[in-house]
file coords02.cif (mmCIF, C-alpha atoms and all ligand atoms)
data_data
#
loop_
_atom_site.label_atom_id
_atom_site.label_comp_id
_atom_site.auth_asym_id
_atom_site.auth_seq_id
_atom_site.Cartn_x
_atom_site.Cartn_y
_atom_site.Cartn_z
CA MET X 1 -154.68 -79.12 75.09
CA ASP X 2 -155.70 -82.69 74.40
CA ASN X 3 -158.24 -83.77 71.73
CA GLY X 4 -155.26 -84.36 69.47
CA VAL X 5 -155.14 -80.97 67.73
CA GLU X 6 -152.42 -78.58 68.77
CA PRO X 7 -153.28 -74.86 68.62
CA LEU X 8 -149.92 -74.19 66.97
CA ASP X 9 -150.67 -76.63 64.14
CA ILE X 10 -153.98 -74.84 63.64
CA ALA X 11 -152.35 -71.41 63.68
CA LEU X 12 -149.71 -72.52 61.16
CA ALA X 13 -152.31 -74.11 58.87
CA GLN X 14 -154.35 -70.89 58.98
CA LEU X 15 -151.26 -68.84 58.14
CA GLU X 16 -150.51 -71.17 55.25
CA THR X 17 -154.00 -70.74 53.81
CA ALA X 18 -153.75 -66.97 54.07
CA ALA X 19 -150.21 -66.92 52.62
CA GLU X 20 -151.34 -68.96 49.63
CA MET X 21 -154.38 -66.83 48.94
CA LEU X 22 -152.35 -63.64 49.35
CA GLN X 23 -149.58 -65.07 47.16
CA MET X 24 -147.17 -64.08 49.86
CA ASP X 25 -143.44 -64.12 49.30
CA PRO X 26 -142.22 -67.52 50.65
CA GLY X 27 -139.51 -65.83 52.70
CA LEU X 28 -142.05 -63.57 54.36
CA HIS X 29 -144.25 -66.57 55.04
CA GLN X 30 -141.28 -68.30 56.66
CA PHE X 31 -140.62 -65.19 58.74
CA LEU X 32 -144.22 -65.12 60.05
CA LYS X 33 -144.25 -68.82 60.94
CA THR X 34 -141.94 -68.34 63.90
CA PRO X 35 -141.98 -65.68 66.62
CA LYS X 36 -139.48 -62.86 66.52
CA ARG X 37 -138.44 -63.64 70.08
CA THR X 38 -139.17 -66.44 72.53
CA LEU X 39 -138.33 -65.90 76.18
CA ILE X 40 -138.39 -68.83 78.56
CA VAL X 41 -138.00 -68.21 82.27
CA SER X 42 -137.88 -70.24 85.46
CA VAL X 43 -139.66 -68.31 88.17
CA PRO X 44 -138.66 -69.22 91.72
CA ILE X 45 -140.84 -68.09 94.60
CA ARG X 46 -141.10 -68.93 98.27
CA MET X 47 -144.43 -70.62 98.95
CA ASP X 48 -146.48 -69.97 102.09
CA ALA X 49 -145.34 -73.32 103.48
CA GLY X 50 -141.73 -72.10 103.44
CA ASN X 51 -140.47 -74.20 100.50
CA ILE X 52 -139.23 -72.79 97.20
CA ALA X 53 -141.23 -73.66 94.10
CA VAL X 54 -140.02 -73.00 90.56
CA PHE X 55 -142.57 -72.23 87.86
CA TRP X 56 -142.05 -72.48 84.10
CA GLY X 57 -142.97 -69.31 82.24
CA CYS X 58 -142.59 -67.75 78.83
CA ARG X 59 -143.29 -64.65 76.80
CA ILE X 60 -143.60 -65.09 73.07
CA GLN X 61 -143.19 -61.98 70.94
CA HIS X 62 -144.48 -62.96 67.53
CA ASN X 63 -144.36 -59.82 65.40
CA ASP X 64 -144.03 -56.07 65.94
CA ALA X 65 -144.14 -54.71 62.39
CA ARG X 66 -147.30 -52.69 63.11
CA GLY X 67 -146.38 -51.50 66.62
CA PRO X 68 -145.28 -52.73 70.05
CA PHE X 69 -145.93 -56.37 70.92
CA LYS X 70 -149.27 -56.75 72.67
CA GLY X 71 -151.05 -59.59 74.40
CA GLY X 72 -152.17 -61.18 77.61
CA ILE X 73 -150.50 -63.34 80.22
CA ARG X 74 -152.10 -66.67 81.03
CA TYR X 75 -151.77 -68.62 84.29
CA HIS X 76 -152.87 -72.21 83.79
CA PRO X 77 -151.61 -75.71 84.65
CA CYS X 78 -151.64 -76.73 80.96
CA VAL X 79 -149.76 -73.72 79.58
CA ASN X 80 -147.00 -74.77 77.18
CA LEU X 81 -144.69 -73.21 74.61
CA ALA X 82 -146.57 -74.35 71.50
CA GLU X 83 -149.90 -73.11 72.86
CA VAL X 84 -148.55 -69.68 73.84
CA THR X 85 -146.82 -69.37 70.47
CA ALA X 86 -150.13 -69.95 68.70
CA LEU X 87 -151.85 -67.44 70.97
CA ALA X 88 -149.11 -64.87 70.24
CA MET X 89 -149.56 -65.36 66.50
CA TRP X 90 -153.32 -64.92 66.83
CA MET X 91 -152.69 -61.65 68.69
CA THR X 92 -150.69 -60.35 65.70
CA TRP X 93 -153.58 -61.03 63.30
CA LYS X 94 -156.20 -59.82 65.80
CA CYS X 95 -154.60 -56.39 66.26
CA ALA X 96 -154.32 -56.07 62.49
CA VAL X 97 -157.97 -57.09 61.90
CA VAL X 98 -159.20 -54.25 64.12
CA ASP X 99 -156.39 -52.09 62.74
CA ILE X 100 -154.85 -50.95 66.01
CA PRO X 101 -151.11 -50.13 65.99
CA TYR X 102 -149.79 -53.21 67.77
CA GLY X 103 -147.99 -56.43 67.03
CA GLY X 104 -148.74 -59.70 68.79
CA ALA X 105 -147.39 -61.45 71.88
CA LYS X 106 -148.57 -63.74 74.65
CA GLY X 107 -147.17 -64.87 77.98
CA GLY X 108 -147.84 -67.86 80.14
CA VAL X 109 -146.90 -69.33 83.47
CA CYS X 110 -147.54 -72.98 84.15
CA CYS X 111 -149.21 -72.97 87.57
CA ASN X 112 -152.54 -73.67 89.20
CA PRO X 113 -153.78 -70.30 90.48
CA LYS X 114 -156.76 -71.96 92.16
CA GLU X 115 -154.40 -73.71 94.57
CA MET X 116 -152.21 -70.67 95.25
CA SER X 117 -152.65 -67.94 97.86
CA LYS X 118 -152.88 -64.29 96.91
CA ILE X 119 -149.39 -63.68 98.30
CA GLU X 120 -147.95 -66.55 96.26
CA LEU X 121 -149.60 -65.18 93.11
CA GLU X 122 -148.25 -61.72 93.85
CA HIS X 123 -144.72 -63.05 94.29
CA LEU X 124 -145.01 -65.13 91.13
CA THR X 125 -146.25 -62.14 89.13
CA ARG X 126 -143.57 -59.78 90.44
CA ARG X 127 -140.74 -62.23 89.89
CA TYR X 128 -141.98 -63.14 86.40
CA THR X 129 -142.24 -59.43 85.54
CA ASN X 130 -138.75 -58.87 86.84
CA MET X 131 -137.42 -61.60 84.59
CA LEU X 132 -139.03 -59.99 81.53
CA LEU X 133 -138.05 -56.47 82.47
CA ASP X 134 -135.64 -55.82 79.60
CA PHE X 135 -138.13 -57.06 77.03
CA ILE X 136 -141.41 -55.40 78.01
CA GLY X 137 -142.42 -51.75 78.34
CA PRO X 138 -144.83 -49.21 76.87
CA HIS X 139 -143.06 -49.07 73.51
CA ARG X 140 -141.75 -52.65 73.46
CA ASP X 141 -144.34 -55.10 74.69
CA VAL X 142 -147.47 -54.31 76.67
CA PRO X 143 -148.99 -57.23 78.64
CA ALA X 144 -152.66 -57.59 79.63
CA PRO X 145 -154.94 -60.12 81.37
CA ASP X 146 -155.78 -63.52 79.90
CA VAL X 147 -157.01 -66.81 81.41
CA TYR X 148 -156.80 -66.65 85.27
CA THR X 149 -155.07 -63.27 85.41
CA ASP X 150 -156.95 -60.05 86.19
CA ALA X 151 -156.71 -56.36 87.06
CA GLN X 152 -154.88 -57.16 90.31
CA THR X 153 -152.24 -59.13 88.39
CA MET X 154 -151.78 -56.13 86.08
CA ALA X 155 -151.45 -53.78 89.08
CA TRP X 156 -148.58 -55.93 90.40
CA ILE X 157 -146.91 -55.86 86.99
CA MET X 158 -147.24 -52.07 86.82
CA ASP X 159 -145.82 -51.68 90.31
CA THR X 160 -142.88 -54.01 89.72
CA TYR X 161 -142.03 -52.34 86.41
CA SER X 162 -142.39 -48.86 87.94
CA GLN X 163 -140.26 -49.76 90.98
CA PHE X 164 -137.38 -50.71 88.70
CA LYS X 165 -137.79 -47.59 86.55
CA GLY X 166 -138.01 -45.34 89.59
CA TYR X 167 -141.21 -43.63 88.46
CA SER X 168 -144.78 -44.63 87.76
CA VAL X 169 -145.31 -46.17 84.31
CA PRO X 170 -149.03 -46.99 83.97
CA GLU X 171 -148.69 -47.38 80.19
CA CYS X 172 -146.49 -50.49 80.59
CA VAL X 173 -149.52 -52.77 81.00
CA THR X 174 -153.29 -52.69 80.27
CA GLY X 175 -156.29 -54.13 82.04
CA LYS X 176 -155.30 -52.36 85.27
CA PRO X 177 -157.80 -51.35 87.93
CA PRO X 178 -159.38 -47.96 87.01
CA VAL X 179 -157.80 -46.43 90.11
CA LEU X 180 -154.35 -47.00 88.53
CA GLY X 181 -155.27 -45.67 85.11
CA GLY X 182 -157.17 -48.71 83.88
CA SER X 183 -159.71 -47.80 81.22
CA GLU X 184 -163.39 -47.60 81.89
CA GLY X 185 -165.06 -50.54 80.23
CA ARG X 186 -161.90 -52.70 79.88
CA LYS X 187 -163.18 -55.40 82.21
CA GLU X 188 -166.16 -56.24 80.01
CA ALA X 189 -164.69 -55.08 76.68
CA THR X 190 -163.97 -58.56 75.28
CA SER X 191 -167.52 -59.68 76.00
CA ARG X 192 -169.10 -56.46 74.75
CA GLY X 193 -167.12 -56.90 71.53
CA VAL X 194 -168.42 -60.46 71.11
CA LEU X 195 -171.99 -59.23 71.56
CA ILE X 196 -171.47 -56.36 69.10
CA CYS X 197 -170.30 -58.91 66.51
CA VAL X 198 -173.18 -61.26 67.35
CA ARG X 199 -175.62 -58.39 66.91
CA GLU X 200 -174.13 -57.60 63.48
CA ALA X 201 -174.32 -61.29 62.52
CA LEU X 202 -177.97 -61.43 63.61
CA LYS X 203 -178.75 -58.48 61.31
CA ARG X 204 -177.29 -60.43 58.36
CA LEU X 205 -179.49 -63.40 59.26
CA HIS X 206 -182.56 -61.19 59.76
CA MET X 207 -182.78 -62.30 63.36
CA LYS X 208 -183.07 -60.33 66.59
CA LEU X 209 -181.07 -60.59 69.78
CA LYS X 210 -184.18 -60.02 71.83
CA GLY X 211 -185.50 -63.42 72.80
CA SER X 212 -182.62 -65.32 71.14
CA ARG X 213 -181.41 -68.27 73.18
CA VAL X 214 -177.78 -68.05 74.24
CA ALA X 215 -175.41 -70.68 75.65
CA VAL X 216 -172.07 -69.64 77.12
CA GLN X 217 -169.22 -72.04 77.81
CA GLY X 218 -166.96 -70.68 80.56
CA TYR X 219 -167.87 -68.34 83.41
CA GLY X 220 -164.60 -66.52 83.91
CA SER X 221 -164.46 -62.80 83.24
CA VAL X 222 -165.26 -63.14 79.52
CA GLY X 223 -168.02 -65.77 79.85
CA TRP X 224 -169.79 -64.10 82.74
CA ASN X 225 -169.71 -60.66 81.15
CA ALA X 226 -170.90 -62.11 77.83
CA ALA X 227 -173.87 -63.77 79.58
CA LYS X 228 -174.59 -60.53 81.46
CA ILE X 229 -174.52 -58.30 78.36
CA ALA X 230 -176.57 -60.81 76.34
CA HIS X 231 -179.16 -60.79 79.13
CA ASP X 232 -179.09 -56.97 79.42
CA TRP X 233 -179.61 -56.66 75.66
CA GLY X 234 -182.71 -58.86 75.83
CA ALA X 235 -181.42 -62.32 74.96
CA LYS X 236 -182.35 -65.42 76.97
CA VAL X 237 -179.32 -67.10 78.53
CA VAL X 238 -180.32 -70.77 78.56
CA ALA X 239 -177.04 -72.36 79.66
CA VAL X 240 -173.69 -71.45 81.19
CA SER X 241 -170.78 -73.52 82.46
CA ASP X 242 -167.42 -73.32 84.20
CA SER X 243 -164.52 -75.76 84.43
CA GLN X 244 -166.61 -78.04 86.68
CA GLY X 245 -169.67 -78.33 84.44
CA GLY X 246 -172.74 -76.46 83.29
CA ILE X 247 -176.33 -75.58 84.10
CA HIS X 248 -179.27 -75.38 81.72
CA ASN X 249 -182.75 -73.96 81.77
CA PRO X 250 -184.64 -73.53 78.48
CA ARG X 251 -186.75 -70.83 80.17
CA GLY X 252 -183.66 -68.77 80.90
CA LEU X 253 -181.16 -68.20 83.70
CA ASN X 254 -180.39 -64.89 85.37
CA PRO X 255 -176.63 -64.43 84.87
CA TYR X 256 -176.36 -62.02 87.81
CA ASN X 257 -177.83 -64.57 90.22
CA VAL X 258 -175.64 -67.31 88.75
CA PHE X 259 -172.61 -65.06 89.29
CA GLU X 260 -173.55 -64.54 92.96
CA HIS X 261 -174.04 -68.29 93.31
CA LYS X 262 -170.61 -68.98 91.81
CA LYS X 263 -169.05 -66.39 94.11
CA GLU X 264 -170.55 -68.14 97.13
CA THR X 265 -169.98 -71.76 96.15
CA GLY X 266 -167.06 -71.63 93.72
CA SER X 267 -169.05 -73.05 90.79
CA VAL X 268 -172.17 -72.49 88.69
CA LEU X 269 -173.22 -76.06 89.51
CA ALA X 270 -176.04 -76.70 91.99
CA TYR X 271 -177.70 -73.40 91.07
CA GLU X 272 -181.24 -73.80 92.35
CA ARG X 273 -183.07 -72.35 89.36
CA ALA X 274 -181.30 -74.57 86.81
CA LYS X 275 -183.52 -77.20 85.24
CA ASN X 276 -180.70 -79.67 84.75
CA GLU X 277 -176.94 -79.92 84.80
CA VAL X 278 -174.87 -80.60 81.69
CA THR X 279 -171.24 -81.31 80.96
CA ASN X 280 -169.16 -78.77 79.08
CA ALA X 281 -169.37 -80.99 76.01
CA GLU X 282 -173.17 -81.26 76.28
CA LEU X 283 -173.52 -77.49 76.64
CA LEU X 284 -172.05 -76.99 73.17
CA GLU X 285 -174.72 -79.18 71.61
CA LEU X 286 -177.74 -77.67 73.36
CA ASP X 287 -180.67 -76.31 71.42
CA CYS X 288 -179.92 -72.58 71.21
CA ASP X 289 -179.52 -69.75 68.69
CA ILE X 290 -176.18 -68.33 69.78
CA LEU X 291 -173.26 -70.28 71.20
CA MET X 292 -170.35 -68.46 72.79
CA PRO X 293 -167.36 -70.63 73.72
CA ALA X 294 -165.54 -68.49 76.30
CA ALA X 295 -163.13 -70.99 77.81
CA LEU X 296 -160.12 -72.69 76.23
CA GLU X 297 -158.93 -74.00 72.86
CA ASN X 298 -160.16 -77.10 71.03
CA GLN X 299 -163.76 -77.28 72.17
CA ILE X 300 -165.56 -77.60 68.84
CA THR X 301 -163.90 -80.43 66.94
CA LYS X 302 -164.75 -82.80 64.11
CA GLU X 303 -166.35 -85.08 66.72
CA ASN X 304 -169.04 -82.67 67.90
CA ALA X 305 -169.28 -79.95 65.21
CA GLY X 306 -172.02 -81.80 63.34
CA ARG X 307 -174.20 -81.76 66.44
CA ILE X 308 -173.97 -78.00 67.10
CA LYS X 309 -177.50 -76.57 66.87
CA ALA X 310 -176.67 -72.87 67.28
CA LYS X 311 -177.09 -70.65 64.21
CA ILE X 312 -174.31 -68.32 65.35
CA VAL X 313 -171.06 -69.22 67.08
CA GLY X 314 -169.23 -66.22 68.57
CA GLU X 315 -165.72 -67.23 69.53
CA ALA X 316 -165.13 -65.40 72.79
CA ALA X 317 -162.17 -67.69 73.54
CA ASN X 318 -159.05 -67.99 71.39
CA GLY X 319 -158.90 -71.06 69.17
CA PRO X 320 -162.02 -72.92 70.39
CA THR X 321 -162.74 -74.46 66.95
CA THR X 322 -160.50 -76.79 64.93
CA PRO X 323 -160.16 -76.44 61.13
CA GLU X 324 -162.11 -79.69 60.49
CA ALA X 325 -164.90 -78.36 62.68
CA ASP X 326 -164.80 -75.07 60.75
CA GLU X 327 -165.59 -77.02 57.58
CA ILE X 328 -168.47 -78.91 59.16
CA LEU X 329 -170.00 -75.75 60.62
CA ARG X 330 -169.71 -74.04 57.26
CA GLU X 331 -171.44 -76.91 55.48
CA ASN X 332 -174.21 -76.70 58.06
CA ASP X 333 -174.60 -72.94 57.51
CA VAL X 334 -173.54 -72.01 61.03
CA PHE X 335 -172.51 -68.33 61.10
CA LEU X 336 -169.12 -68.52 62.81
CA ILE X 337 -167.59 -65.26 64.02
CA PRO X 338 -163.88 -66.07 64.30
CA ASP X 339 -161.89 -65.36 67.47
CA ILE X 340 -159.55 -62.78 65.96
CA LEU X 341 -162.61 -60.65 65.21
CA ALA X 342 -165.13 -61.75 67.85
CA ASN X 343 -162.91 -61.30 70.90
CA ALA X 344 -160.87 -58.34 69.66
CA GLY X 345 -162.85 -55.93 71.86
CA GLY X 346 -160.50 -56.70 74.76
CA VAL X 347 -157.31 -55.64 73.05
CA THR X 348 -159.12 -52.71 71.43
CA VAL X 349 -159.99 -51.23 74.82
CA SER X 350 -156.46 -52.15 75.97
CA TYR X 351 -155.30 -49.88 73.16
CA PHE X 352 -157.64 -47.14 74.43
CA GLU X 353 -156.18 -47.61 77.91
CA TRP X 354 -152.62 -47.27 76.60
CA VAL X 355 -153.51 -44.11 74.65
CA GLN X 356 -155.19 -42.62 77.73
CA ASN X 357 -152.14 -43.44 79.87
CA LEU X 358 -149.68 -42.01 77.34
CA THR X 359 -151.68 -38.80 77.07
CA ARG X 360 -152.63 -38.74 80.80
CA GLU X 361 -156.29 -38.55 79.85
CA HIS X 362 -159.32 -40.30 81.21
CA TRP X 363 -162.20 -41.12 78.90
CA THR X 364 -165.75 -41.76 80.08
CA LEU X 365 -167.37 -45.17 79.74
CA GLU X 366 -169.67 -43.75 77.06
CA GLU X 367 -166.70 -42.55 75.04
CA VAL X 368 -164.89 -45.89 75.36
CA ASN X 369 -167.95 -47.89 74.35
CA ARG X 370 -168.72 -45.59 71.44
CA LYS X 371 -165.18 -45.92 70.07
CA LEU X 372 -165.19 -49.69 70.64
CA GLU X 373 -168.47 -50.00 68.78
CA SER X 374 -167.21 -48.06 65.78
CA ILE X 375 -163.95 -50.05 65.51
CA LEU X 376 -165.67 -53.41 65.81
CA VAL X 377 -168.54 -52.64 63.45
CA LYS X 378 -166.00 -51.52 60.86
CA ALA X 379 -163.86 -54.64 61.37
CA PHE X 380 -166.96 -56.85 61.15
CA ASN X 381 -168.02 -55.18 57.89
CA ASP X 382 -164.49 -55.44 56.46
CA VAL X 383 -164.35 -59.16 57.27
CA TYR X 384 -167.87 -59.81 56.00
CA GLN X 385 -167.19 -57.99 52.76
CA THR X 386 -163.87 -59.78 52.23
CA ALA X 387 -165.60 -63.13 52.81
CA GLY X 388 -168.14 -62.23 50.11
CA GLU X 389 -165.53 -61.04 47.63
CA LYS X 390 -163.25 -64.04 48.10
CA GLU X 391 -166.11 -66.51 48.54
CA THR X 392 -164.59 -67.82 51.71
CA SER X 393 -165.42 -68.25 55.40
CA LEU X 394 -165.33 -65.36 57.86
CA ARG X 395 -162.34 -67.06 59.52
CA THR X 396 -160.33 -67.05 56.31
CA ALA X 397 -161.51 -63.54 55.48
CA ALA X 398 -160.35 -62.27 58.88
CA LEU X 399 -156.99 -63.99 58.38
CA LEU X 400 -156.65 -62.48 54.91
CA LEU X 401 -157.22 -59.03 56.36
CA GLY X 402 -154.98 -59.52 59.40
CA VAL X 403 -152.14 -61.41 57.76
CA GLY X 404 -152.38 -59.15 54.69
CA ARG X 405 -151.97 -55.97 56.75
CA VAL X 406 -149.01 -57.41 58.66
CA SER X 407 -147.23 -58.57 55.51
CA LYS X 408 -147.79 -55.17 53.87
CA ALA X 409 -146.26 -53.48 56.92
CA MET X 410 -143.27 -55.82 56.77
CA GLU X 411 -142.74 -55.18 53.09
CA ALA X 412 -142.84 -51.43 53.72
CA LEU X 413 -140.33 -51.71 56.55
CA GLY X 414 -137.96 -53.79 54.46
CA LEU X 415 -135.33 -56.01 56.00
CA TRP X 416 -132.50 -54.63 58.08
CA PRO X 417 -129.55 -54.65 57.34
N1 LIG V 501 -155.80 -61.68 76.40
C1 LIG V 501 -156.68 -60.91 75.59
C2 LIG V 501 -156.75 -61.48 74.18
O1 LIG V 501 -156.48 -62.64 73.96
C3 LIG V 501 -156.41 -59.42 75.65
C4 LIG V 501 -155.08 -58.97 75.15
C5 LIG V 501 -154.78 -57.50 75.41
O2 LIG V 501 -155.64 -56.77 75.87
O3 LIG V 501 -153.63 -57.13 75.16
O4 LIG V 501 -157.13 -60.82 73.26
#
call {"tool": "encode", "arguments": {"input": "coords02.cif", "output": "structure tokens"}}
result
Amino acid sequence: MDNGVEPLDIALAQLETAAEMLQMDPGLHQFLKTPKRTLIVSVPIRMDAGNIAVFWGCRIQHNDARGPFKGGIRYHPCVNLAEVTALAMWMTWKCAVVDIPYGGAKGGVCCNPKEMSKIELEHLTRRYTNMLLDFIGPHRDVPAPDVYTDAQTMAWIMDTYSQFKGYSVPECVTGKPPVLGGSEGRKEATSRGVLICVREALKRLHMKLKGSRVAVQGYGSVGWNAAKIAHDWGAKVVAVSDSQGGIHNPRGLNPYNVFEHKKETGSVLAYERAKNEVTNAELLELDCDILMPAALENQITKENAGRIKAKIVGEAANGPTTPEADEILRENDVFLIPDILANAGGVTVSYFEWVQNLTREHWTLEEVNRKLESILVKAFNDVYQTAGEKETSLRTAALLLGVGRVSKAMEALGLWP
């Protein structure tokens, strides 16, 4: 991303802080700085126009000390190696913070899905899967959705993988459609997790969700579901945005109607019941109680952090806040729920999906949500308590927990040979 701060520099600086505080062995620190495996692929597909186009793609497998690699696949025109490496590292810590038995990975393909047909996206997904075939699988590396990939993308991955195996392997990927063994509640799990964390944060601040004013940046799956759940739980959604810009109404917007409007027109802009339109940058600075960045990295920086009015920031996206901005928010007493905790609901329900697939079970939505709630509330309490004990931010506390668990696992495994 632009704005001058690279996600990988942020991820490495965070690891360094945690390593220092944990007094980690320097060799182990060195080990965790770089991914275990980096796969780079060129994905050729025939476009609808008849020409061949070649797309750059990668899969970064950061660490698998605690279990198979796990993480989403992102389709975006700005995807690059350093960014995906940072995202893979964050997955490692995230899975450890919620204590699910996975390592961390992330994949990316540099493309513009908005300009591609469904057939082109299917061919891209199948060919990309084929090129990763020897390196993914239910006990190796389990992909999932991320920015601009969805349940349909996961269905194509499952089918391609299964075709090569010769039998159906639903457990090779998560975030599938329920009809293929996708878990109940996976689609909105990331957003539900953010709201569970926000609710816990509100309790600490002696505030209530009911009537709280919420602004959401991004109206993809995570942003829209976050706005919807906030609304359903009694909050007032005062602003939402997508890549084209945002809409604002201090009296509240109905996220369901905004979703219908976006479905019809392609954007949240020009929604008739909005009071005014705002840019994505302006949305972050609006007068509200809870801000949920649910788009890309590097949104809250040293330039705008001082103007954030929200009392709680719930990082639905990965890496939306830079370290300088972290400091400013902390000085201003903004309660920041860090990404590796706030958005861990997605991978948690991915884990439930994988367990259901491996055991050929199907859990009800109630069961999924109950288990999600208990994992996230525990993780939130662990992070909050660690922050108190170490007199540090929730971000650093979450890193201490996540990085600490991974390094303990690595020490227990030892080094082969
Ligand atoms: N892409 C999501 C994330 O960043 C979900 C990963 C998963 O479910 O494996 O957490």
call {"tool": "residues_near_ligand", "arguments": {"input": "coords02.cif", "ligand": "ligand LIG 501 (chain V)", "cutoff": "6 Å", "atoms": "all atoms listed in the file", "output": "PyMOL selection string"}}
result
chain X and resi 70-72+143-146+344+346-347+350
call {"tool": "closest_residue", "arguments": {"input": "coords02.cif", "among": "X:Asn257, X:Arg395, X:Ser243, X:Thr160", "to": "Tyr128 of chain X", "atoms": "all atoms listed in the file"}}
result
X:Thr160
call {"tool": "axis_aligned_box", "arguments": {"input": "coords02.cif", "around": "segment 88-98 of chain X", "padding_each_side": "3 Å", "output": "JSON"}}
result
{"center_x": -154.2, "center_y": -59.8, "center_z": 66.1, "size_x": 16.1, "size_y": 17.1, "size_z": 14.3}
call {"tool": "residues_near_point", "arguments": {"input": "coords02.cif", "point": "(-166.3, -87.5, 67.4)", "cutoff": "12 Å", "atoms": "all atoms listed in the file", "output": "list in words"}}
result
Asn3, Gly4, Ala281, Gln299, Ile300, Thr301, Lys302, Glu303, Asn304, Ala305, Gly306, Arg307, Glu324 and Ala325 of chain X
call {"tool": "residues_near_point", "arguments": {"input": "coords02.cif", "point": "(-138.3, -45.9, 82.7)", "cutoff": "12 Å", "atoms": "only C-alpha atoms", "output": "ChimeraX atom specification"}}
result
/X:133-134,136-140,158,160-172
call {"tool": "write_last_selection", "arguments": {"input": "coords02.cif", "atoms": "C-alpha atoms", "output": "tab-separated table (two decimals), in the coordinates of the input"}}
result
chain	number	residue	atom	x	y	z
X	133	LEU	CA	-138.05	-56.47	82.47
X	134	ASP	CA	-135.64	-55.82	79.60
X	136	ILE	CA	-141.41	-55.40	78.01
X	137	GLY	CA	-142.42	-51.75	78.34
X	138	PRO	CA	-144.83	-49.21	76.87
X	139	HIS	CA	-143.06	-49.07	73.51
X	140	ARG	CA	-141.75	-52.65	73.46
X	158	MET	CA	-147.24	-52.07	86.82
X	160	THR	CA	-142.88	-54.01	89.72
X	161	TYR	CA	-142.03	-52.34	86.41
X	162	SER	CA	-142.39	-48.86	87.94
X	163	GLN	CA	-140.26	-49.76	90.98
X	164	PHE	CA	-137.38	-50.71	88.70
X	165	LYS	CA	-137.79	-47.59	86.55
X	166	GLY	CA	-138.01	-45.34	89.59
X	167	TYR	CA	-141.21	-43.63	88.46
X	168	SER	CA	-144.78	-44.63	87.76
X	169	VAL	CA	-145.31	-46.17	84.31
X	170	PRO	CA	-149.03	-46.99	83.97
X	171	GLU	CA	-148.69	-47.38	80.19
X	172	CYS	CA	-146.49	-50.49	80.59
call {"tool": "closest_residue", "arguments": {"input": "coords02.cif", "among": "X:Ile45, X:Ile290, X:Leu365, X:Leu401", "to": "Gly211 of chain X", "atoms": "all atoms listed in the file"}}
result
X:Ile290
call {"tool": "closest_residue", "arguments": {"input": "coords02.cif", "among": "X:Gly234, X:Gly185, X:Gly404, X:Pro293", "to": "Leu209 of chain X", "atoms": "all atoms listed in the file"}}
result
X:Gly234
call {"tool": "atom_distance", "arguments": {"input": "coords02.cif", "atom1": "atom CA of Gly345 of chain X", "atom2": "atom CA of Arg370 of chain X"}}
result
11.9 Å
call {"tool": "closest_residue", "arguments": {"input": "coords02.cif", "among": "X:Ile312, X:Ala82, X:Ile52, X:Met47", "to": "Val5 of chain X", "atoms": "all atoms listed in the file"}}
result
X:Ala82
call {"tool": "atom_distance", "arguments": {"input": "coords02.cif", "atom1": "atom CA of Gly193 of chain X", "atom2": "atom CA of Phe352 of chain X"}}
result
13.9 Å
call {"tool": "closest_residue", "arguments": {"input": "coords02.cif", "among": "X:Ser374, X:Asp289, X:Leu8, X:Asn318", "to": "Ala201 of chain X", "atoms": "only C-alpha atoms"}}
result
X:Asp289
call {"tool": "closest_residue", "arguments": {"input": "coords02.cif", "among": "X:Ser241, X:Val194, X:Val355, X:Leu121", "to": "Val377 of chain X", "atoms": "all atoms listed in the file"}}
result
X:Val194
call {"tool": "atom_distance", "arguments": {"input": "coords02.cif", "atom1": "atom CA of Gly314 of chain X", "atom2": "atom CA of Val109 of chain X"}}
result
27.0 Å
call {"tool": "residues_around", "arguments": {"input": "coords02.cif", "residues": "Met154 of chain X", "least_positions_apart": "6", "cutoff": "8 Å", "atoms": "all atoms listed in the file", "output": "ChimeraX atom specification"}}
result
/X:144-145,173-177
call {"tool": "closest_atom_pairs", "arguments": {"input": "coords02.cif", "of": "segment 55-153 of chain X", "to": "segment 10-32 of chain X", "cutoff": "10 Å", "atoms": "all atoms listed in the file", "output": "JSON lines"}}
result
{"residue": "X:His62", "atom": "CA", "partner": "X:Leu32", "partner_atom": "CA", "distance": 7.8}
{"residue": "X:Asn63", "atom": "CA", "partner": "X:Leu32", "partner_atom": "CA", "distance": 7.5}
{"residue": "X:Glu83", "atom": "CA", "partner": "X:Ala11", "partner_atom": "CA", "distance": 9.7}
{"residue": "X:Thr85", "atom": "CA", "partner": "X:Ala11", "partner_atom": "CA", "distance": 9.0}
{"residue": "X:Ala86", "atom": "CA", "partner": "X:Ala11", "partner_atom": "CA", "distance": 5.7}
{"residue": "X:Leu87", "atom": "CA", "partner": "X:Ala11", "partner_atom": "CA", "distance": 8.3}
{"residue": "X:Ala88", "atom": "CA", "partner": "X:Ala11", "partner_atom": "CA", "distance": 9.8}
{"residue": "X:Met89", "atom": "CA", "partner": "X:Ala11", "partner_atom": "CA", "distance": 7.2}
{"residue": "X:Trp90", "atom": "CA", "partner": "X:Ala11", "partner_atom": "CA", "distance": 7.3}
{"residue": "X:Thr92", "atom": "CA", "partner": "X:Leu32", "partner_atom": "CA", "distance": 9.8}
{"residue": "X:Trp93", "atom": "CA", "partner": "X:Leu15", "partner_atom": "CA", "distance": 9.6}
call {"tool": "residues_around", "arguments": {"input": "coords02.cif", "residues": "Leu81 of chain X", "least_positions_apart": "5", "cutoff": "12 Å", "atoms": "all atoms listed in the file", "output": "NGL selection string"}}
result
:X and (1 or 6-8 or 35 or 38-41 or 56-61 or 74 or 86-88 or 106-110)
call {"tool": "decode", "arguments": {"input": "coords02.cif", "residues": "segment 318-322 of chain X", "atoms": "C-alpha atoms", "output": "short mmCIF file (atom, residue, chain, number, x, y, z; two decimals), in the first residue's frame"}}
result
data_model
loop_
_atom_site.label_atom_id
_atom_site.label_comp_id
_atom_site.auth_asym_id
_atom_site.auth_seq_id
_atom_site.Cartn_x
_atom_site.Cartn_y
_atom_site.Cartn_z
CA ASN X 318 -5.65 -6.69 8.94
CA GLY X 319 -3.04 -4.02 9.61
CA PRO X 320 -5.23 -0.88 9.30
CA THR X 321 -3.20 1.08 11.91
CA THR X 322 0.49 1.99 11.76
#
